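Source file: coords-v1.tsv; contents: TSV, C-alpha atoms and all ligand atoms.
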chain	number	residue	atom	x	y	z
A	4	MET	CA	84.79	72.08	89.58
A	5	LYS	CA	88.05	73.43	90.97
A	6	VAL	CA	87.47	76.02	93.70
A	7	PRO	CA	90.45	77.73	95.34
A	8	LEU	CA	90.17	79.08	98.90
A	9	LEU	CA	91.32	82.48	97.68
A	10	ASP	CA	92.04	84.03	94.31
A	11	LEU	CA	93.80	87.38	94.36
A	12	ARG	CA	93.50	87.87	90.62
A	13	PRO	CA	89.97	89.28	90.17
A	14	PRO	CA	90.62	92.46	92.20
A	15	LEU	CA	94.10	92.74	90.68
A	16	GLU	CA	92.76	92.50	87.11
A	17	GLU	CA	90.30	95.32	87.83
A	18	LEU	CA	93.01	97.72	88.97
A	19	ARG	CA	96.12	96.30	87.34
A	20	ASP	CA	97.05	99.36	85.24
A	21	GLU	CA	96.42	101.80	88.06
A	22	ILE	CA	98.47	99.73	90.50
A	23	ILE	CA	101.42	99.30	88.12
A	24	GLU	CA	101.34	103.03	87.37
A	25	ALA	CA	101.32	103.96	91.07
A	26	VAL	CA	104.13	101.52	91.90
A	27	THR	CA	106.18	102.78	88.97
A	28	GLN	CA	105.80	106.34	90.24
A	29	VAL	CA	107.11	105.33	93.66
A	30	ILE	CA	110.09	103.58	92.09
A	31	ASP	CA	110.81	106.53	89.78
A	32	SER	CA	110.56	108.97	92.69
A	33	THR	CA	113.53	107.22	94.41
A	34	ARG	CA	111.75	107.97	97.69
A	35	TYR	CA	111.83	104.48	99.16
A	36	ILE	CA	111.56	105.12	102.90
A	37	MET	CA	108.54	106.94	104.42
A	38	GLY	CA	107.52	110.03	102.40
A	39	PRO	CA	104.28	111.34	100.90
A	40	GLU	CA	102.75	107.93	100.10
A	41	ILE	CA	102.82	107.00	103.78
A	42	ASP	CA	101.41	110.37	104.93
A	43	SER	CA	98.64	110.19	102.38
A	44	LEU	CA	97.63	106.63	103.24
A	45	GLU	CA	97.66	107.38	106.97
A	46	LYS	CA	95.17	110.23	106.41
A	47	LYS	CA	92.93	108.10	104.20
A	48	ILE	CA	92.85	105.11	106.56
A	49	ALA	CA	92.13	107.37	109.56
A	50	GLU	CA	89.26	108.87	107.59
A	51	TYR	CA	87.97	105.45	106.50
A	52	CYS	CA	88.09	104.10	110.06
A	53	GLY	CA	86.79	107.30	111.66
A	54	THR	CA	89.83	107.94	113.84
A	55	VAL	CA	91.94	110.99	114.58
A	56	ASP	CA	95.13	109.50	113.16
A	57	ALA	CA	96.75	106.37	111.75
A	58	VAL	CA	100.37	105.21	111.76
A	59	GLY	CA	101.60	102.97	108.96
A	60	VAL	CA	103.72	100.00	110.02
A	61	SER	CA	105.50	96.99	108.58
A	62	SER	CA	102.83	94.35	109.28
A	63	GLY	CA	99.78	93.52	111.38
A	64	THR	CA	102.06	91.67	113.77
A	65	ASP	CA	104.25	94.74	114.17
A	66	ALA	CA	101.14	96.89	114.66
A	67	LEU	CA	100.33	94.79	117.74
A	68	LEU	CA	103.95	94.66	118.91
A	69	LEU	CA	104.48	98.41	118.55
A	70	SER	CA	101.22	99.20	120.37
A	71	LEU	CA	102.33	97.02	123.29
A	72	MET	CA	105.74	98.74	123.24
A	73	VAL	CA	104.06	102.13	123.48
A	74	LEU	CA	102.20	100.82	126.54
A	75	ASP	CA	105.63	99.82	127.92
A	76	VAL	CA	104.60	96.20	128.26
A	77	GLY	CA	107.50	94.10	129.48
A	78	PRO	CA	108.68	91.38	131.85
A	79	GLY	CA	106.24	90.65	134.66
A	80	ASP	CA	103.30	92.25	132.86
A	81	LEU	CA	100.14	90.41	131.85
A	82	VAL	CA	98.07	90.89	128.70
A	83	LEU	CA	94.58	89.41	128.43
A	84	THR	CA	93.56	88.11	125.04
A	85	SER	CA	91.36	85.67	123.18
A	86	ASN	CA	92.49	82.08	123.24
A	87	PHE	CA	91.46	81.57	119.62
A	88	SER	CA	93.20	83.71	117.01
A	89	PHE	CA	96.11	83.89	114.62
A	90	PHE	CA	99.37	83.25	116.47
A	91	ALA	CA	100.58	86.87	116.24
A	92	THR	CA	97.96	88.06	118.76
A	93	ALA	CA	99.62	86.14	121.60
A	94	GLY	CA	103.11	85.86	120.13
A	95	VAL	CA	103.76	89.60	120.40
A	96	VAL	CA	103.04	89.52	124.14
A	97	ALA	CA	105.53	86.72	124.74
A	98	ARG	CA	108.16	88.43	122.57
A	99	LEU	CA	108.16	91.33	125.02
A	100	LYS	CA	108.68	88.82	127.86
A	101	ALA	CA	105.24	89.60	129.20
A	102	THR	CA	102.74	86.80	129.84
A	103	PRO	CA	99.61	86.31	127.75
A	104	VAL	CA	96.57	85.38	129.82
A	105	PHE	CA	94.07	83.53	127.69
A	106	VAL	CA	90.33	83.99	127.80
A	107	ASP	CA	87.77	81.64	126.25
A	108	ILE	CA	85.54	82.72	123.40
A	109	ASP	CA	81.88	83.10	122.60
A	110	PRO	CA	80.69	79.94	120.78
A	111	VAL	CA	78.69	81.89	118.19
A	112	THR	CA	81.07	84.70	117.18
A	113	TYR	CA	84.39	83.02	118.14
A	114	ASN	CA	85.35	86.34	119.74
A	115	ILE	CA	86.55	86.83	123.31
A	116	ASP	CA	83.74	86.18	125.79
A	117	PRO	CA	83.29	89.30	127.98
A	118	GLU	CA	81.89	87.22	130.82
A	119	GLN	CA	85.02	85.08	130.86
A	120	LEU	CA	87.13	88.22	130.63
A	121	ARG	CA	85.43	89.61	133.72
A	122	LEU	CA	85.81	86.29	135.54
A	123	THR	CA	89.51	86.12	134.70
A	124	LEU	CA	90.04	89.57	136.22
A	125	ALA	CA	87.79	88.84	139.19
A	126	LYS	CA	89.81	85.73	140.06
A	127	MET	CA	93.08	87.69	140.23
A	128	ASP	CA	94.31	89.14	143.52
A	129	VAL	CA	94.88	92.90	143.57
A	130	GLY	CA	98.64	92.58	143.00
A	131	THR	CA	98.20	90.36	139.96
A	132	ARG	CA	95.51	92.58	138.53
A	133	LYS	CA	97.86	95.56	138.73
A	134	ARG	CA	100.19	93.73	136.34
A	135	VAL	CA	97.55	93.59	133.59
A	136	LYS	CA	98.73	96.16	131.05
A	137	ALA	CA	96.37	95.56	128.13
A	138	ILE	CA	93.40	93.66	126.78
A	139	ILE	CA	93.55	92.54	123.15
A	140	PRO	CA	90.16	91.54	121.74
A	141	VAL	CA	90.28	90.13	118.21
A	142	HIS	CA	87.59	90.87	115.62
A	143	LEU	CA	87.84	87.37	114.24
A	144	TYR	CA	86.84	86.52	110.67
A	145	GLY	CA	85.60	90.09	110.08
A	146	GLN	CA	83.07	90.68	112.85
A	147	CYS	CA	83.64	92.94	115.86
A	148	ALA	CA	83.98	91.45	119.30
A	149	ASP	CA	81.44	92.48	121.95
A	150	MET	CA	83.22	95.80	122.44
A	151	LYS	CA	80.56	97.44	124.57
A	152	GLU	CA	81.06	94.92	127.36
A	153	ILE	CA	84.81	94.74	126.83
A	154	LEU	CA	85.17	98.53	127.05
A	155	ASN	CA	83.02	98.60	130.21
A	156	ILE	CA	85.29	96.06	131.85
A	157	ALA	CA	88.43	97.85	130.64
A	158	ALA	CA	87.16	101.15	132.01
A	159	GLU	CA	86.23	99.59	135.33
A	160	PHE	CA	89.72	98.13	135.78
A	161	LYS	CA	91.49	101.00	133.95
A	162	ILE	CA	93.19	98.75	131.41
A	163	PRO	CA	94.07	99.98	127.88
A	164	VAL	CA	92.53	98.09	124.95
A	165	ILE	CA	94.18	97.13	121.66
A	166	GLU	CA	91.82	95.88	118.98
A	167	ASP	CA	93.33	93.21	116.77
A	168	SER	CA	91.42	94.36	113.69
A	169	ALA	CA	93.63	92.51	111.20
A	170	GLN	CA	90.65	90.65	109.75
A	171	ALA	CA	88.09	93.38	110.19
A	172	ILE	CA	88.92	96.62	108.38
A	173	GLY	CA	85.63	98.43	107.80
A	174	ALA	CA	83.56	96.14	110.02
A	175	GLU	CA	80.95	98.26	111.79
A	176	TYR	CA	79.75	98.21	115.36
A	177	GLU	CA	77.04	100.20	117.03
A	178	ILE	CA	77.82	101.76	120.36
A	179	ASP	CA	75.74	104.36	122.24
A	180	GLY	CA	73.55	104.62	119.16
A	181	LYS	CA	76.50	105.55	116.97
A	182	LYS	CA	77.97	103.61	114.07
A	183	ARG	CA	81.68	103.02	114.58
A	184	GLN	CA	84.35	101.07	112.75
A	185	ALA	CA	86.63	98.29	113.92
A	186	GLY	CA	89.82	99.80	115.28
A	187	SER	CA	88.22	103.11	116.28
A	188	LEU	CA	86.63	101.85	119.46
A	189	SER	CA	89.61	101.65	121.78
A	190	ASP	CA	93.14	102.95	122.30
A	191	PHE	CA	94.77	101.20	119.34
A	192	GLY	CA	93.31	99.59	116.19
A	193	CYS	CA	95.78	97.19	114.61
A	194	PHE	CA	95.36	96.33	110.94
A	195	SER	CA	97.20	94.09	108.50
A	196	PHE	CA	97.68	94.51	104.76
A	197	PHE	CA	98.72	90.88	104.35
A	198	PRO	CA	97.53	89.88	100.86
A	199	SER	CA	94.73	87.60	102.13
A	200	LYS	CA	93.04	90.30	104.20
A	201	ASN	CA	90.12	92.24	102.72
A	202	LEU	CA	92.51	95.13	102.03
A	203	GLY	CA	95.76	93.45	101.04
A	204	GLY	CA	98.99	94.77	99.59
A	205	VAL	CA	101.53	93.09	97.33
A	206	GLY	CA	103.53	92.03	100.37
A	207	ASP	CA	103.55	92.75	104.09
A	208	GLY	CA	102.19	95.91	105.65
A	209	GLY	CA	99.97	97.21	108.40
A	210	ILE	CA	98.61	100.29	110.16
A	211	ILE	CA	97.53	101.39	113.62
A	212	THR	CA	94.57	103.71	114.11
A	213	VAL	CA	94.42	105.94	117.19
A	214	ASN	CA	92.25	108.70	118.59
A	215	LYS	CA	94.78	110.16	121.01
A	216	PRO	CA	97.46	112.34	119.37
A	217	GLU	CA	99.97	111.52	122.12
A	218	LEU	CA	99.69	107.82	121.26
A	219	ALA	CA	100.25	108.57	117.58
A	220	GLU	CA	103.36	110.52	118.55
A	221	GLN	CA	104.69	107.62	120.65
A	222	LEU	CA	103.96	105.15	117.85
A	223	ARG	CA	105.81	107.31	115.32
A	224	LEU	CA	108.76	107.65	117.67
A	225	LYS	CA	109.10	103.92	118.35
A	226	ARG	CA	108.46	103.09	114.67
A	227	VAL	CA	111.94	104.44	113.91
A	228	HIS	CA	114.08	103.16	116.76
A	229	GLY	CA	112.85	105.79	119.19
A	230	GLY	CA	115.04	108.53	117.77
A	231	GLU	CA	113.49	111.97	118.01
A	232	ARG	CA	116.71	113.41	116.71
A	233	LYS	CA	118.50	111.20	114.24
A	234	TYR	CA	121.09	109.03	116.03
A	235	TYR	CA	120.04	110.17	119.52
A	236	HIS	CA	117.79	107.70	121.35
A	237	ARG	CA	115.74	108.46	124.45
A	238	VAL	CA	113.71	105.27	124.14
A	239	ILE	CA	114.11	101.97	122.34
A	240	GLY	CA	111.93	101.24	119.33
A	241	GLY	CA	112.47	99.25	116.19
A	242	ASN	CA	112.20	99.44	112.42
A	243	PHE	CA	108.47	99.16	111.98
A	244	ARG	CA	108.09	101.33	108.88
A	245	LEU	CA	105.47	100.76	106.19
A	246	ASP	CA	106.93	100.34	102.69
A	247	PRO	CA	105.77	103.11	100.30
A	248	ILE	CA	105.17	100.53	97.56
A	249	GLN	CA	102.68	98.77	99.82
A	250	ALA	CA	101.19	102.13	100.85
A	251	THR	CA	100.59	103.14	97.24
A	252	VAL	CA	98.95	99.83	96.35
A	253	ILE	CA	96.68	100.09	99.39
A	254	ARG	CA	95.80	103.70	98.48
A	255	VAL	CA	94.72	102.57	95.00
A	256	LYS	CA	92.65	99.70	96.41
A	257	LEU	CA	90.98	101.54	99.31
A	258	PRO	CA	88.19	103.25	97.28
A	259	HIS	CA	87.06	99.79	96.12
A	260	LEU	CA	87.08	98.15	99.53
A	261	ASN	CA	83.42	98.56	100.39
A	262	ARG	CA	82.39	97.13	97.04
A	263	TRP	CA	84.57	94.08	97.73
A	264	HIS	CA	83.05	93.82	101.21
A	265	ASN	CA	79.64	93.79	99.51
A	266	GLN	CA	80.70	91.02	97.15
A	267	ARG	CA	81.86	88.93	100.10
A	268	GLN	CA	78.57	89.64	101.90
A	269	ASP	CA	76.61	88.60	98.78
A	270	ASN	CA	78.61	85.41	98.61
A	271	ALA	CA	77.97	84.75	102.30
A	272	GLU	CA	74.25	85.30	101.85
A	273	TYR	CA	74.22	82.98	98.86
A	274	TYR	CA	75.90	80.24	100.92
A	275	ASN	CA	73.35	80.86	103.68
A	276	LYS	CA	70.53	80.43	101.19
A	277	LEU	CA	72.06	77.30	99.64
A	278	PHE	CA	72.65	75.72	103.05
A	279	ALA	CA	69.09	76.55	104.12
A	280	GLU	CA	67.84	74.57	101.13
A	281	THR	CA	69.78	71.46	102.15
A	282	SER	CA	68.85	68.98	104.85
A	283	LEU	CA	72.17	69.52	106.63
A	284	GLY	CA	70.66	71.08	109.75
A	285	GLY	CA	72.55	69.77	112.75
A	286	ARG	CA	75.56	68.54	110.77
A	287	ILE	CA	76.84	72.00	109.97
A	288	SER	CA	76.07	75.52	111.16
A	289	ILE	CA	76.56	78.77	109.30
A	290	PRO	CA	78.11	82.01	110.59
A	291	GLN	CA	75.86	84.27	112.63
A	292	VAL	CA	75.91	88.04	112.30
A	293	MET	CA	75.43	89.93	115.56
A	294	HIS	CA	74.76	93.62	116.09
A	295	SER	CA	73.29	93.88	112.61
A	296	GLN	CA	70.67	96.52	113.31
A	297	ARG	CA	71.10	99.50	111.04
A	298	LEU	CA	74.63	98.53	110.03
A	299	GLU	CA	75.72	98.03	106.43
A	300	ASN	CA	78.87	96.11	107.27
A	301	PRO	CA	78.36	94.27	110.56
A	302	HIS	CA	80.49	91.45	109.10
A	303	ILE	CA	83.03	91.84	106.30
A	304	TYR	CA	83.63	88.09	105.87
A	305	ASN	CA	87.38	87.99	105.70
A	306	GLN	CA	86.40	84.39	106.29
A	307	TYR	CA	83.09	82.55	105.94
A	308	VAL	CA	83.42	79.94	108.66
A	309	ILE	CA	81.05	77.05	109.23
A	310	ARG	CA	81.06	74.53	112.05
A	311	ALA	CA	81.01	71.00	110.74
A	312	GLU	CA	80.62	67.53	112.18
A	313	GLN	CA	83.56	65.28	111.22
A	314	ARG	CA	85.33	68.41	110.06
A	315	ASP	CA	88.66	66.81	109.11
A	316	LYS	CA	86.99	64.11	107.02
A	317	LEU	CA	84.83	66.72	105.32
A	318	GLN	CA	87.87	68.84	104.55
A	319	SER	CA	89.71	65.85	103.01
A	320	PHE	CA	86.65	64.92	100.96
A	321	LEU	CA	86.39	68.48	99.63
A	322	ALA	CA	90.13	68.51	98.85
A	323	GLU	CA	89.72	65.27	96.86
A	324	ASN	CA	87.09	67.14	94.89
A	325	GLU	CA	89.39	70.12	94.24
A	326	ILE	CA	87.64	72.38	96.72
A	327	SER	CA	90.08	74.18	99.00
A	328	THR	CA	89.15	75.11	102.55
A	329	GLU	CA	91.14	76.02	105.62
A	330	VAL	CA	91.00	75.60	109.37
A	331	TYR	CA	91.45	78.88	111.24
A	332	TYR	CA	92.68	77.73	113.77
A	333	PRO	CA	93.36	74.08	114.56
A	334	LEU	CA	94.92	74.66	118.00
A	335	PRO	CA	93.95	77.24	120.66
A	336	PHE	CA	96.78	79.20	122.25
A	337	HIS	CA	96.85	77.37	125.60
A	338	LEU	CA	97.68	74.10	123.81
A	339	GLN	CA	100.41	75.53	121.55
A	340	GLU	CA	103.71	73.90	122.33
A	341	CYS	CA	105.45	77.23	122.95
A	342	PHE	CA	102.84	78.18	125.59
A	343	LEU	CA	102.62	74.85	127.43
A	344	ASP	CA	104.91	76.19	130.16
A	345	LEU	CA	102.06	78.55	131.10
A	346	GLY	CA	100.29	75.46	132.42
A	347	GLY	CA	97.44	75.12	129.92
A	348	LYS	CA	95.89	71.70	129.45
A	349	ALA	CA	93.08	70.15	127.44
A	350	GLY	CA	89.73	71.02	128.99
A	351	ASP	CA	90.78	74.45	130.29
A	352	PHE	CA	89.05	76.38	127.51
A	353	PRO	CA	86.22	74.15	126.27
A	354	VAL	CA	84.65	76.62	123.86
A	355	SER	CA	87.84	77.33	121.91
A	356	GLU	CA	88.81	73.67	121.98
A	357	THR	CA	85.52	72.65	120.37
A	358	ALA	CA	85.77	75.48	117.85
A	359	ALA	CA	89.26	74.32	116.89
A	360	GLU	CA	87.82	70.88	116.12
A	361	GLU	CA	84.80	72.10	114.16
A	362	VAL	CA	85.53	75.31	112.23
A	363	LEU	CA	86.05	75.27	108.49
A	364	ALA	CA	86.54	78.34	106.27
A	365	LEU	CA	84.95	78.11	102.83
A	366	PRO	CA	86.00	80.22	99.81
A	367	VAL	CA	84.20	83.61	99.97
A	368	TYR	CA	86.52	85.96	98.04
A	369	PRO	CA	85.29	88.62	95.59
A	370	GLY	CA	85.12	87.02	92.17
A	371	LEU	CA	83.96	83.62	93.42
A	372	SER	CA	81.20	82.46	91.05
A	373	ARG	CA	77.72	81.23	91.95
A	374	GLN	CA	78.52	77.92	90.24
A	375	MET	CA	81.58	77.50	92.43
A	376	GLN	CA	79.53	78.15	95.55
A	377	GLU	CA	76.90	75.66	94.38
A	378	ALA	CA	79.64	73.09	93.82
A	379	VAL	CA	80.95	73.66	97.36
A	380	VAL	CA	77.54	73.17	98.97
A	381	GLU	CA	76.69	70.18	96.74
A	382	LYS	CA	79.90	68.43	97.74
A	383	ILE	CA	79.27	69.13	101.41
A	384	GLU	CA	75.80	67.60	101.04
A	385	GLU	CA	77.26	64.63	99.20
A	386	PHE	CA	79.74	64.05	102.02
A	387	TYR	CA	77.05	63.80	104.69
A	388	GLN	CA	74.73	61.71	102.54
A	389	ALA	CA	77.38	59.03	102.00
B	401	LIG	C1	96.80	88.47	109.81
B	401	LIG	C2	96.61	88.62	111.25
B	401	LIG	C3	97.59	89.19	112.07
B	401	LIG	C4	98.98	89.51	111.61
B	401	LIG	O1	99.08	90.29	110.49
B	401	LIG	P1	100.42	90.20	109.59
B	401	LIG	O2	100.28	91.38	108.69
B	401	LIG	O3	100.35	88.90	108.86
B	401	LIG	O4	101.59	90.29	110.48
B	401	LIG	C5	97.30	89.39	113.41
B	401	LIG	N1	96.12	89.03	113.93
B	401	LIG	C6	95.17	88.45	113.18
B	401	LIG	C7	93.85	88.10	113.82
B	401	LIG	C8	95.37	88.21	111.83
B	401	LIG	O5	94.43	87.64	111.09

Could you write out this structure as structure tokens?
Amino acid sequence: MKVPLLDLRPPLEELRDEIIEAVTQVIDSTRYIMGPEIDSLEKKIAEYCGTVDAVGVSSGTDALLLSLMVLDVGPGDLVLTSNFSFFATAGVVARLKATPVFVDIDPVTYNIDPEQLRLTLAKMDVGTRKRVKAIIPVHLYGQCADMKEILNIAAEFKIPVIEDSAQAIGAEYEIDGKKRQAGSLSDFGCFSFFPSKNLGGVGDGGIITVNKPELAEQLRLKRVHGGERKYYHRVIGGNFRLDPIQATVIRVKLPHLNRWHNQRQDNAEYYNKLFAETSLGGRISIPQVMHSQRLENPHIYNQYVIRAEQRDKLQSFLAENEISTEVYYPLPFHLQECFLDLGGKAGDFPVSETAAEEVLALPVYPGLSRQMQEAVVEKIEEFYQA
């Protein structure tokens, strides 16, 4: 049975007419830059995420970049982040000529390890520590990082926090007995509408959630080249605007998001059940959900990621059997060629290095059938029995 890693058609088919209608209205309006679609989506996303405001931007990458620009991150500055994420998380830091400082991850959640974060800061002398301008935890695969600890450390050292929530829109986290959403926990919540995310557009897009109105104001200013008055520039920004066509598609899809989260969660639970019935214990391990007490969406499964022995061979075997999988991510940041001048070498970050060798994302998208999931697990069993 052919099983793709992702199929964007099932959710599209459901809403096709509504989406085409909404896009047509934008085109007919001739309002192609900013405008009511952006304002309306910003309100709805802020409401969905439980934040005071949201600022639409051109992509998840630009959400991170613009947030760093608002914090005035530049040459000589340091930004602490997870060593194991999509390239954008660290790339934006380097683009501003600041230096990313990598921190190893937790082996169970793949998210930044707060203990390592604390150690990294503790090892710095006072002068170096003063140069740390932000911490960027990533809510990888759709589950929040250990924000309680991270926020404690950030408060102690007075460092702003930017959540890379690109994979985690709607993921919940309990803090001080309150249910909160990814992106609402810190200074900036950066989201992506890249088509493969749980809430994807028909192209690139992103949004930043904030609780402080002055940050929203700064983001809006730098989103359009820093011009308060047209053609007069007090500060330097960029063109980081969200496209109204993307905004309208996202607005149509948003009311269905939690249902799609639930479908992904159902699929994840079905994999868990199927794997529990196999004799694969030890060869593979399934994703673990933390902080699940009283939360409906502790994990939104943008990816369902297993750890597998002989991962590359397993992936090839599955590919031969028409089952698509993906490795997010095969190389931690410290070993990326473009970051080698920072002095990273094999062995520096053992947890992310092992994860990079073992992780494998299985198809988990809404619309995946039970039979397809059974085929995936059967083939994995077959591989290890051979
Ligand atoms: C997708 C993603 C981004 C970047 O989002 P784009 O919209 O593709 O620019 C950043 N960080 C993480 C963790 C992502 O998954």

Q: In Å, rounded to a single decimal, give me how far atom CA of A:Leu363 is from atom CA of A:Asn324.
A: 15.9 Å

Q.
9 Å from ligand LIG 401 (chain B) is the threshold here; counting only C-alpha atoms and all ligand atoms, which polymer residues fall inside it? Answer as a VMD selection string.
A. chain A and resid 61 to 67 88 to 93 141 to 144 167 to 171 193 to 200 206 to 209 305

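Between atom CA of A:Thr281 and atom CA of A:Ile383 the separation is 9.8 Å.
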
Q: Dump as a PyMOL selection string all residues having an atom at most 7 Å from (106.1, 98.5, 92.8), computed in the file's coordinates with all atoms listed in the file.
A: chain A and resi 23+26-27+29-30+248

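Using all atoms listed in the file, the shortest contact distance between A:Gln306 and any of A:Gln146, A:Thr54, A:Thr212, A:Gln184 is found at A:Gln146.
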
Residues at most 9 Å from A:Asp246, counting all atoms listed in the file, excluding those fewer than 2 positions away in the same chain, as a PDB file with C-alpha atoms, keeping the file's coordinate frame?
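File selection_5.pdb, as written:
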ATOM      1  CA  TYR A  35     111.830 104.480  99.160  1.00  0.00           C
ATOM      2  CA  ILE A  36     111.560 105.120 102.900  1.00  0.00           C
ATOM      3  CA  MET A  37     108.540 106.940 104.420  1.00  0.00           C
ATOM      4  CA  ILE A  41     102.820 107.000 103.780  1.00  0.00           C
ATOM      5  CA  GLY A  59     101.600 102.970 108.960  1.00  0.00           C
ATOM      6  CA  VAL A  60     103.720 100.000 110.020  1.00  0.00           C
ATOM      7  CA  SER A  61     105.500  96.990 108.580  1.00  0.00           C
ATOM      8  CA  ASP A 207     103.550  92.750 104.090  1.00  0.00           C
ATOM      9  CA  GLY A 208     102.190  95.910 105.650  1.00  0.00           C
ATOM     10  CA  ARG A 244     108.090 101.330 108.880  1.00  0.00           C
ATOM     11  CA  ILE A 248     105.170 100.530  97.560  1.00  0.00           C
ATOM     12  CA  GLN A 249     102.680  98.770  99.820  1.00  0.00           C
ATOM     13  CA  ALA A 250     101.190 102.130 100.850  1.00  0.00           C
ATOM     14  CA  THR A 251     100.590 103.140  97.240  1.00  0.00           C
TER      15      THR A 251
END

Q) Could you name the residues that touch A:Asp107 at 7 Å or less, counting all atoms listed in the file, but leaving out those on the same chain fewer than 2 positions away, as an MDAnalysis selection string? A) chainID A and resid 85:86 105 115:116 119 352 354:355

Put those residues in a file: C-alpha atoms, as a compact mmCIF listing (two decimals), keeping the file's coordinate frame.
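selection25.txt, freshly written:
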# COMPACT_ATOMS: atom_id res chain seq x y z
CA SER A 85 91.36 85.67 123.18
CA ASN A 86 92.49 82.08 123.24
CA PHE A 105 94.07 83.53 127.69
CA ILE A 115 86.55 86.83 123.31
CA ASP A 116 83.74 86.18 125.79
CA GLN A 119 85.02 85.08 130.86
CA PHE A 352 89.05 76.38 127.51
CA VAL A 354 84.65 76.62 123.86
CA SER A 355 87.84 77.33 121.91
